[in-house]
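File shown here: protein_17.cif, holding mmCIF, C-alpha atoms.
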data_query
loop_
_atom_site.label_atom_id
_atom_site.label_comp_id
_atom_site.auth_asym_id
_atom_site.auth_seq_id
_atom_site.Cartn_x
_atom_site.Cartn_y
_atom_site.Cartn_z
CA MET A 598 -11.77 41.62 11.25
CA ARG A 599 -15.33 40.59 10.45
CA ALA A 600 -14.73 41.26 6.79
CA LEU A 601 -11.85 38.81 6.76
CA LYS A 602 -14.01 35.98 8.11
CA PHE A 603 -14.66 34.66 4.64
CA LEU A 604 -10.96 33.81 4.46
CA ILE A 605 -11.38 30.95 6.97
CA PRO A 606 -13.20 28.55 4.60
CA VAL A 607 -10.94 29.65 1.75
CA GLY A 608 -7.91 28.86 3.89
CA LEU A 609 -9.32 25.46 4.86
CA PHE A 610 -10.00 24.70 1.22
CA VAL A 611 -6.46 25.64 0.21
CA ILE A 612 -5.01 23.36 2.91
CA LEU A 613 -7.21 20.45 1.84
CA ALA A 614 -6.43 21.05 -1.84
CA GLY A 615 -2.72 21.07 -0.95
CA PHE A 616 -2.95 17.63 0.65
CA LEU A 617 -4.94 16.23 -2.27
CA PHE A 618 -2.50 17.73 -4.78
CA LYS A 619 0.42 16.11 -2.97
CA GLY A 620 -1.52 12.85 -3.00
CA LEU A 621 -1.59 12.90 -6.79
CA TYR A 622 2.16 12.36 -6.85
CA LEU A 623 2.40 9.57 -4.29
CA ASP A 624 2.71 6.04 -5.62
CA PRO A 625 0.50 3.73 -3.55
CA ARG A 626 2.38 0.73 -4.91
CA GLU A 627 5.50 1.83 -3.07
CA VAL A 628 4.73 0.59 0.40
CA PRO A 629 7.57 1.37 2.80
CA SER A 630 9.02 -1.95 3.87
CA PRO A 631 9.18 -2.68 7.58
CA LEU A 632 12.23 -4.83 6.80
CA ILE A 633 14.59 -1.89 6.21
CA ASP A 634 17.30 -1.90 8.91
CA LYS A 635 16.06 -5.29 10.11
CA PRO A 636 18.01 -8.56 9.78
CA ALA A 637 17.29 -10.33 6.50
CA PRO A 638 15.08 -13.39 6.99
CA GLU A 639 16.62 -16.85 7.22
CA PHE A 640 16.75 -18.80 4.01
CA ALA A 641 18.31 -21.96 2.61
CA LEU A 642 17.70 -22.40 -1.11
CA THR A 643 19.27 -24.42 -3.88
CA GLN A 644 21.00 -22.69 -6.76
CA LEU A 645 19.05 -22.35 -9.97
CA ASP A 646 21.63 -24.14 -12.11
CA LYS A 647 23.03 -26.38 -9.36
CA PRO A 648 20.15 -28.11 -7.53
CA GLU A 649 22.59 -29.93 -5.29
CA GLN A 650 24.11 -26.74 -3.90
CA THR A 651 22.36 -24.83 -1.14
CA ILE A 652 22.99 -21.20 -0.20
CA ARG A 653 22.03 -20.01 3.29
CA ARG A 654 21.72 -16.61 4.89
CA THR A 655 24.80 -17.32 7.02
CA ASP A 656 26.91 -17.99 3.90
CA MET A 657 26.40 -14.37 2.90
CA LEU A 658 27.53 -12.73 6.15
CA GLY A 659 30.66 -10.61 5.97
CA LYS A 660 29.99 -9.01 2.60
CA VAL A 661 27.68 -6.35 1.26
CA TRP A 662 25.53 -7.99 -1.41
CA MET A 663 22.53 -7.41 -3.59
CA LEU A 664 19.51 -9.66 -3.82
CA ASN A 665 17.49 -9.15 -6.99
CA VAL A 666 14.10 -10.88 -7.11
CA TRP A 667 13.20 -11.91 -10.64
CA ALA A 668 11.29 -14.53 -12.60
CA SER A 669 11.11 -15.63 -16.21
CA TRP A 670 7.34 -14.86 -16.21
CA CYS A 671 7.87 -11.29 -14.99
CA GLU A 672 7.37 -8.64 -17.66
CA ALA A 673 9.03 -5.76 -15.82
CA CYS A 674 12.13 -7.91 -15.23
CA ARG A 675 12.75 -7.81 -18.98
CA ASP A 676 12.99 -4.02 -18.84
CA GLU A 677 15.27 -4.10 -15.84
CA HIS A 678 17.57 -6.88 -16.94
CA PRO A 679 19.86 -4.97 -19.38
CA TYR A 680 20.65 -2.39 -16.66
CA LEU A 681 21.49 -5.16 -14.24
CA VAL A 682 23.76 -6.86 -16.79
CA GLU A 683 25.60 -3.55 -17.32
CA PHE A 684 25.78 -2.90 -13.57
CA ALA A 685 27.25 -6.36 -12.95
CA LYS A 686 30.21 -5.47 -15.19
CA LEU A 687 31.26 -2.85 -12.65
CA LYS A 688 31.74 -5.65 -10.12
CA ALA A 689 30.67 -3.20 -7.44
CA LEU A 690 29.17 -5.91 -5.26
CA PRO A 691 28.09 -9.55 -5.49
CA ILE A 692 24.66 -9.79 -7.10
CA TYR A 693 22.48 -12.76 -6.22
CA GLY A 694 19.20 -13.51 -7.94
CA LEU A 695 16.10 -14.85 -6.25
CA ASP A 696 14.21 -16.72 -8.94
CA TYR A 697 10.71 -16.32 -7.56
CA LYS A 698 7.93 -18.86 -8.20
CA ASP A 699 9.50 -20.10 -11.38
CA GLN A 700 10.53 -23.31 -13.11
CA ARG A 701 14.18 -24.21 -13.54
CA GLU A 702 14.16 -24.71 -17.29
CA PRO A 703 12.45 -21.52 -18.52
CA ALA A 704 14.42 -19.54 -15.94
CA GLN A 705 17.76 -20.87 -17.16
CA ALA A 706 16.74 -20.30 -20.77
CA TRP A 707 15.75 -16.74 -19.86
CA LEU A 708 19.20 -16.05 -18.41
CA ALA A 709 20.96 -17.74 -21.34
CA GLU A 710 19.10 -15.48 -23.75
CA ARG A 711 19.43 -12.20 -21.90
CA GLY A 712 22.73 -12.56 -20.08
CA ASN A 713 23.39 -13.61 -16.51
CA PRO A 714 24.39 -10.79 -14.15
CA TYR A 715 24.17 -13.00 -11.07
CA ASP A 716 26.94 -14.58 -9.06
CA ALA A 717 24.27 -17.18 -8.37
CA SER A 718 20.51 -17.40 -8.46
CA LEU A 719 18.55 -18.84 -5.54
CA PHE A 720 15.66 -20.97 -6.68
CA ASP A 721 12.49 -20.15 -4.69
CA GLN A 722 9.87 -22.31 -6.34
CA SER A 723 7.28 -22.16 -3.56
CA GLY A 724 7.72 -18.41 -3.05
CA ARG A 725 8.12 -18.84 0.71
CA VAL A 726 11.43 -16.99 0.88
CA GLY A 727 9.88 -14.27 -1.28
CA ILE A 728 7.06 -13.93 1.26
CA ASP A 729 9.59 -13.72 4.10
CA PHE A 730 11.31 -10.88 2.25
CA GLY A 731 7.91 -9.17 1.87
CA VAL A 732 8.08 -9.45 -1.92
CA TYR A 733 4.85 -8.43 -3.62
CA GLY A 734 5.81 -6.90 -6.94
CA VAL A 735 8.60 -8.61 -8.88
CA PRO A 736 11.18 -7.27 -9.63
CA GLU A 737 12.38 -6.14 -6.23
CA THR A 738 15.94 -5.51 -5.13
CA PHE A 739 17.54 -5.55 -1.69
CA VAL A 740 20.98 -4.45 -0.53
CA ILE A 741 22.11 -6.42 2.52
CA ASP A 742 25.09 -5.39 4.63
CA LYS A 743 27.92 -7.39 6.22
CA GLN A 744 25.87 -8.09 9.33
CA GLY A 745 23.01 -9.48 7.25
CA VAL A 746 20.83 -6.40 7.75
CA ILE A 747 18.62 -5.14 4.90
CA ARG A 748 19.70 -1.57 4.12
CA PHE A 749 17.83 -0.80 0.90
CA LYS A 750 14.84 -2.03 -1.00
CA GLN A 751 13.71 -1.11 -4.48
CA ILE A 752 10.17 -2.07 -5.46
CA GLY A 753 9.83 -2.42 -9.19
CA ALA A 754 12.48 -2.27 -11.88
CA LEU A 755 15.94 -0.86 -11.19
CA THR A 756 16.98 2.06 -13.37
CA PRO A 757 20.45 3.49 -14.00
CA GLN A 758 19.32 6.47 -11.92
CA VAL A 759 18.49 4.31 -8.89
CA LEU A 760 21.73 2.37 -9.25
CA ASN A 761 23.86 5.52 -9.52
CA ASP A 762 22.06 7.75 -7.04
CA LYS A 763 21.04 5.25 -4.36
CA VAL A 764 22.83 1.91 -4.62
CA LEU A 765 26.40 3.07 -5.33
CA PRO A 766 26.46 5.81 -2.61
CA LEU A 767 25.01 3.34 -0.11
CA LEU A 768 27.65 0.82 -1.11
CA ARG A 769 30.44 3.36 -0.52
CA LYS A 770 28.98 4.07 2.90
CA LEU A 771 28.64 0.40 3.86
CA ASN A 772 32.10 -0.56 2.63
CA GLY A 773 33.81 2.64 3.79
CA MET B 322 -46.96 32.87 8.64
CA ALA B 323 -43.97 30.56 8.78
CA ASP B 324 -40.99 31.40 10.93
CA PRO B 325 -38.61 33.42 8.71
CA ARG B 326 -35.61 31.74 10.37
CA ARG B 327 -36.56 28.28 9.21
CA PRO B 328 -34.65 28.01 5.86
CA ALA B 329 -31.51 29.50 7.35
CA LEU B 330 -31.58 26.98 10.18
CA ALA B 331 -32.20 24.07 7.84
CA ALA B 332 -29.24 25.04 5.66
CA LEU B 333 -27.04 25.35 8.73
CA LEU B 334 -28.06 21.93 10.03
CA ALA B 335 -27.43 20.31 6.67
CA GLY B 336 -24.00 21.94 6.53
CA ALA B 337 -23.10 20.76 10.01
CA ILE B 338 -24.09 17.20 9.20
CA ALA B 339 -22.29 17.20 5.86
CA LEU B 340 -19.04 18.76 7.11
CA PRO B 341 -17.68 15.82 9.14
CA ALA B 342 -18.75 13.37 6.47
CA PHE B 343 -16.85 15.29 3.83
CA ALA B 344 -13.83 15.72 6.07
CA ALA B 345 -13.69 12.00 6.79
CA GLU B 346 -14.16 11.05 3.17
CA ALA B 347 -11.71 13.39 1.49
CA PRO B 348 -8.37 11.96 2.71
CA ALA B 349 -9.56 8.39 2.18
CA SER B 350 -10.57 8.95 -1.42
CA ALA B 351 -7.24 10.45 -2.45
CA PRO B 352 -5.10 7.28 -2.23
CA ALA B 353 -7.94 5.23 -3.70
CA ALA B 354 -8.10 7.42 -6.77
CA SER B 355 -4.37 7.40 -7.36
CA ALA B 356 -4.25 3.64 -6.77
CA ALA B 357 -6.68 3.16 -9.62
CA ALA B 358 -4.68 5.55 -11.78
CA SER B 359 -1.36 3.75 -11.41
CA GLN B 360 -2.07 0.17 -12.22
CA ALA B 361 1.19 -0.09 -14.14
CA GLY B 362 4.04 -2.15 -12.79
CA ALA B 363 4.63 -5.76 -12.01
CA LYS B 364 1.86 -8.28 -11.59
CA TYR B 365 1.99 -11.87 -10.52
CA GLU B 366 1.37 -14.16 -13.41
CA ALA B 367 2.90 -17.41 -12.27
CA PRO B 368 0.52 -20.35 -12.40
CA ALA B 369 -1.54 -20.48 -9.23
CA ALA B 370 -1.29 -23.47 -6.97
CA HIS B 371 -4.69 -25.03 -6.56
CA LEU B 372 -5.29 -25.42 -2.90
CA THR B 373 -8.52 -26.53 -1.39
CA ALA B 374 -9.43 -26.71 2.25
CA ALA B 375 -10.97 -29.90 3.50
CA ASP B 376 -12.00 -28.32 6.79
CA PRO B 377 -14.83 -25.74 6.50
CA ALA B 378 -14.31 -24.46 10.05
CA LEU B 379 -10.64 -23.78 9.35
CA GLU B 380 -11.58 -22.13 6.07
CA ALA B 381 -14.06 -19.85 7.84
CA ARG B 382 -11.43 -18.80 10.41
CA MET B 383 -8.90 -18.24 7.64
CA LEU B 384 -11.35 -16.07 5.68
CA ALA B 385 -12.25 -14.07 8.80
CA ILE B 386 -8.58 -13.14 9.28
CA THR B 387 -7.63 -12.58 5.65
CA GLY B 388 -10.83 -10.57 5.09
CA GLU B 389 -9.23 -7.80 7.13
CA LEU B 390 -5.86 -7.91 5.41
CA ARG B 391 -5.01 -5.94 2.31
CA CYS B 392 -3.62 -7.74 -0.71
CA LEU B 393 -0.41 -5.95 -1.69
CA VAL B 394 -0.74 -6.81 -5.36
CA CYS B 395 -4.24 -5.50 -6.06
CA GLN B 396 -4.40 -3.02 -3.26
CA ASN B 397 -8.11 -2.43 -2.96
CA GLN B 398 -8.93 -6.08 -2.39
CA THR B 399 -8.52 -8.20 0.69
CA ILE B 400 -6.29 -11.25 0.79
CA ALA B 401 -9.50 -13.27 1.25
CA ASP B 402 -11.04 -12.29 -2.07
CA SER B 403 -8.05 -11.55 -4.28
CA HIS B 404 -7.08 -13.93 -7.07
CA ALA B 405 -3.52 -12.66 -7.15
CA ASP B 406 -0.97 -15.41 -6.84
CA LEU B 407 0.52 -13.87 -3.71
CA ALA B 408 -2.91 -13.80 -2.05
CA VAL B 409 -3.42 -17.49 -2.85
CA ASP B 410 -0.06 -18.25 -1.21
CA LEU B 411 -0.83 -16.11 1.80
CA ARG B 412 -4.21 -17.76 2.32
CA GLN B 413 -2.42 -21.12 2.35
CA GLN B 414 0.14 -19.68 4.77
CA VAL B 415 -2.67 -18.58 7.11
CA ARG B 416 -4.32 -22.03 6.90
CA GLU B 417 -1.06 -23.66 7.91
CA MET B 418 -0.49 -21.20 10.74
CA LEU B 419 -4.00 -21.83 12.08
CA GLN B 420 -3.43 -25.58 11.89
CA LYS B 421 -0.30 -25.08 13.98
CA GLY B 422 -2.51 -23.37 16.56
CA GLU B 423 -1.30 -19.82 16.02
CA THR B 424 -3.65 -17.03 17.11
CA PRO B 425 -5.11 -14.33 14.80
CA ASP B 426 -2.83 -11.82 16.54
CA GLN B 427 0.24 -13.88 15.71
CA ILE B 428 -0.91 -14.14 12.10
CA ARG B 429 -1.48 -10.39 11.85
CA ARG B 430 2.01 -9.81 13.28
CA TYR B 431 3.43 -12.21 10.68
CA MET B 432 1.85 -10.02 7.98
CA THR B 433 2.86 -6.64 9.43
CA ASP B 434 6.44 -7.90 9.97
CA ARG B 435 6.65 -8.38 6.21
CA TYR B 436 4.40 -5.73 4.70
CA GLY B 437 3.91 -3.13 7.43
CA ASP B 438 0.70 -1.68 8.87
CA PHE B 439 -0.46 -1.01 5.33
CA VAL B 440 -1.86 -4.56 5.15
CA LEU B 441 -4.22 -3.94 8.04
CA TYR B 442 -7.62 -2.65 6.95
CA ARG B 443 -8.17 -1.78 10.62
CA PRO B 444 -5.19 0.50 11.34
CA PRO B 445 -3.64 0.16 14.80
CA TRP B 446 -3.85 2.98 17.33
CA LYS B 447 -0.42 4.59 17.57
CA ALA B 448 1.22 8.02 17.35
CA THR B 449 1.30 8.11 13.56
CA THR B 450 -2.37 7.12 13.22
CA ALA B 451 -3.76 9.35 15.98
CA VAL B 452 -4.84 12.03 13.50
CA LEU B 453 -6.61 9.41 11.40
CA TRP B 454 -8.60 8.08 14.35
CA LEU B 455 -9.30 11.41 16.05
CA ALA B 456 -10.07 13.64 13.05
CA PRO B 457 -13.70 12.58 12.42
CA ALA B 458 -14.74 13.00 16.07
CA THR B 459 -12.82 16.27 16.39
CA LEU B 460 -14.41 17.71 13.26
CA LEU B 461 -17.86 16.64 14.47
CA VAL B 462 -17.32 18.40 17.80
CA ILE B 463 -16.08 21.55 16.05
CA ALA B 464 -19.08 21.51 13.72
CA LEU B 465 -21.56 21.05 16.58
CA LEU B 466 -19.93 23.84 18.59
CA ALA B 467 -20.12 26.15 15.58
CA LEU B 468 -23.76 25.21 15.14
CA VAL B 469 -24.60 26.02 18.76
CA VAL B 470 -22.79 29.37 18.59
CA VAL B 471 -24.59 30.38 15.39
CA ILE B 472 -28.01 29.29 16.64
CA ARG B 473 -27.58 31.20 19.89
CA ARG B 474 -26.45 34.33 18.08
CA ARG B 475 -29.40 34.14 15.69
CA ALA B 476 -31.87 33.51 18.49
CA ARG B 477 -30.96 36.91 19.93
CA LEU B 478 -31.66 38.73 16.62
CA ALA B 479 -35.00 40.43 16.02
CA ASP B 480 -37.34 39.06 13.32
CA ASP B 481 -36.78 42.02 10.99
CA GLN B 482 -33.06 41.15 10.74
CA PHE B 483 -33.96 38.22 8.50
CA GLU B 484 -34.84 38.49 4.82
CA PRO B 485 -38.44 37.58 4.02
CA GLU B 486 -38.97 34.04 2.79
CA PRO B 487 -38.95 34.00 -1.05
CA MET B 488 -42.15 32.79 -2.72
CA LEU B 489 -40.62 29.57 -3.97
CA ASP B 490 -43.76 27.46 -4.03
CA ASP B 491 -45.49 29.05 -7.05
CA ASP B 492 -42.38 29.39 -9.24
CA ALA B 493 -41.14 25.89 -8.61
CA ALA B 494 -44.45 24.18 -9.32
CA GLU B 495 -45.20 26.00 -12.53
CA PRO B 496 -43.01 24.18 -15.13
CA LEU B 497 -44.28 20.79 -13.96
CA ASP B 498 -47.91 21.83 -14.54
CA ARG B 499 -47.25 22.60 -18.20
CA PRO B 500 -46.85 19.46 -20.25
CA GLY B 501 -44.25 19.59 -23.03
CA THR B 502 -41.77 21.85 -21.28
CA LEU B 503 -39.76 18.92 -19.99
CA ALA B 504 -37.81 17.62 -22.94
#

Can you give me the file's structure in the form of structure tokens?
Amino acid sequence: MRALKFLIPVGLFVILAGFLFKGLYLDPREVPSPLIDKPAPEFALTQLDKPEQTIRRTDMLGKVWMLNVWASWCEACRDEHPYLVEFAKLKALPIYGLDYKDQREPAQAWLAERGNPYDASLFDQSGRVGIDFGVYGVPETFVIDKQGVIRFKQIGALTPQVLNDKVLPLLRKLNG
Amino acid sequence: MADPRRPALAALLAGAIALPAFAAEAPASAPAASAAASQAGAKYEAPAAHLTAADPALEARMLAITGELRCLVCQNQTIADSHADLAVDLRQQVREMLQKGETPDQIRRYMTDRYGDFVLYRPPWKATTAVLWLAPATLLVIALLALVVVIRRRARLADDQFEPEPMLDDDAAEPLDRPGTLA
């Protein structure tokens, strides 16, 4: 028994090393959102290409929809955009953009150049709606259910893998 | 002659003091290191709104609150001292909330409703943070108990159970007395 005493510090070291090793593979930028399974915040924003038309949270109730936060100044949005354009062709669910802290003209030019996957884009110039959605790293994507509850959030660019493995199964569940 | 137990005791004391410090430091340094490693991803680059506060008292209150909130964009800075666009907006948000007469608690709730407890540099006391708060004190108590047990056990040993003190003094001083040996 006494001879095995040296194993105690070794054991403690192994446990500590295990935690630190696990820590190497955690992404500190992915902060779990407290908004998951909470009602989406209220908003009333004009459309990017139709400044006279306002879309409100209540307009969206009754359907499962996707809110994709983007901006023409956002580098990572450029990587994500082709996947979103392809995904929109499936017509799996309505996709709405939230044009975050942007200007109308460069944003519309950006969509004209790269394709427009959105049923409509909400124009959030001040970024207040973005703050209410807890946006901190554009692009971000939310899936909101028929009751207006946020069911999914992706921080950073969407990939085909995320769309196929997370968004589509969730959609089947919410619509099923 | 010096007490032969002295070096052993000194080493033990040093170990007991260092143990809780190490234990408290290790988990905290892990996320910090990986945060620095993964600076990839989206950053805010939109032109910043230039907002100035006319009221120094309000500004001081705003800075006191935002100085304890983490900026989500550059995670090792506070909202008070970050230049990220989101931090600029949030500082303005806090100014407006203070002007409306909202309390620091209401403002902190506004932030945690959106970004979670992660924004609080002072984590709240709850079930999931109990280990975080209790670990340093627990480890200190364990270390002190171990120290007491070891000292008591050693106090009962006879002097000849200890190895004689090595003659460190002469060996250690020698190289310093000879000029030229230190490159």

>> At a cut-off of 10 Å, which residues of chain A touch chain B? Count all atoms listed in the file and give the answer as number ranges by chain.
In response: A: 613-614, 616-632, 635, 638, 668-674, 697-700, 723-725, 727-737, 752-754

> Near Ile741 of chain A, counting only C-alpha atoms, which residues have an atom at most 8 Å away, once you skip same-chain residues fewer than 4 positions from it, shown as a ChimeraX atom specification?
Replying inline: /A:637,661-664,745-749

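Distance-wise, atom CA of Gly608 of chain A and atom CA of Ile463 of chain B end up 16.4 Å apart.
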
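The space between atom CA of Glu683 of chain A and atom CA of Leu708 of chain A spans 14.1 Å.
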
>> For a test of reading the model, state the distance in Å between atom CA of Asp721 of chain A and atom CA of Val415 of chain B, rounded to one decimal.
In response: 19.3 Å
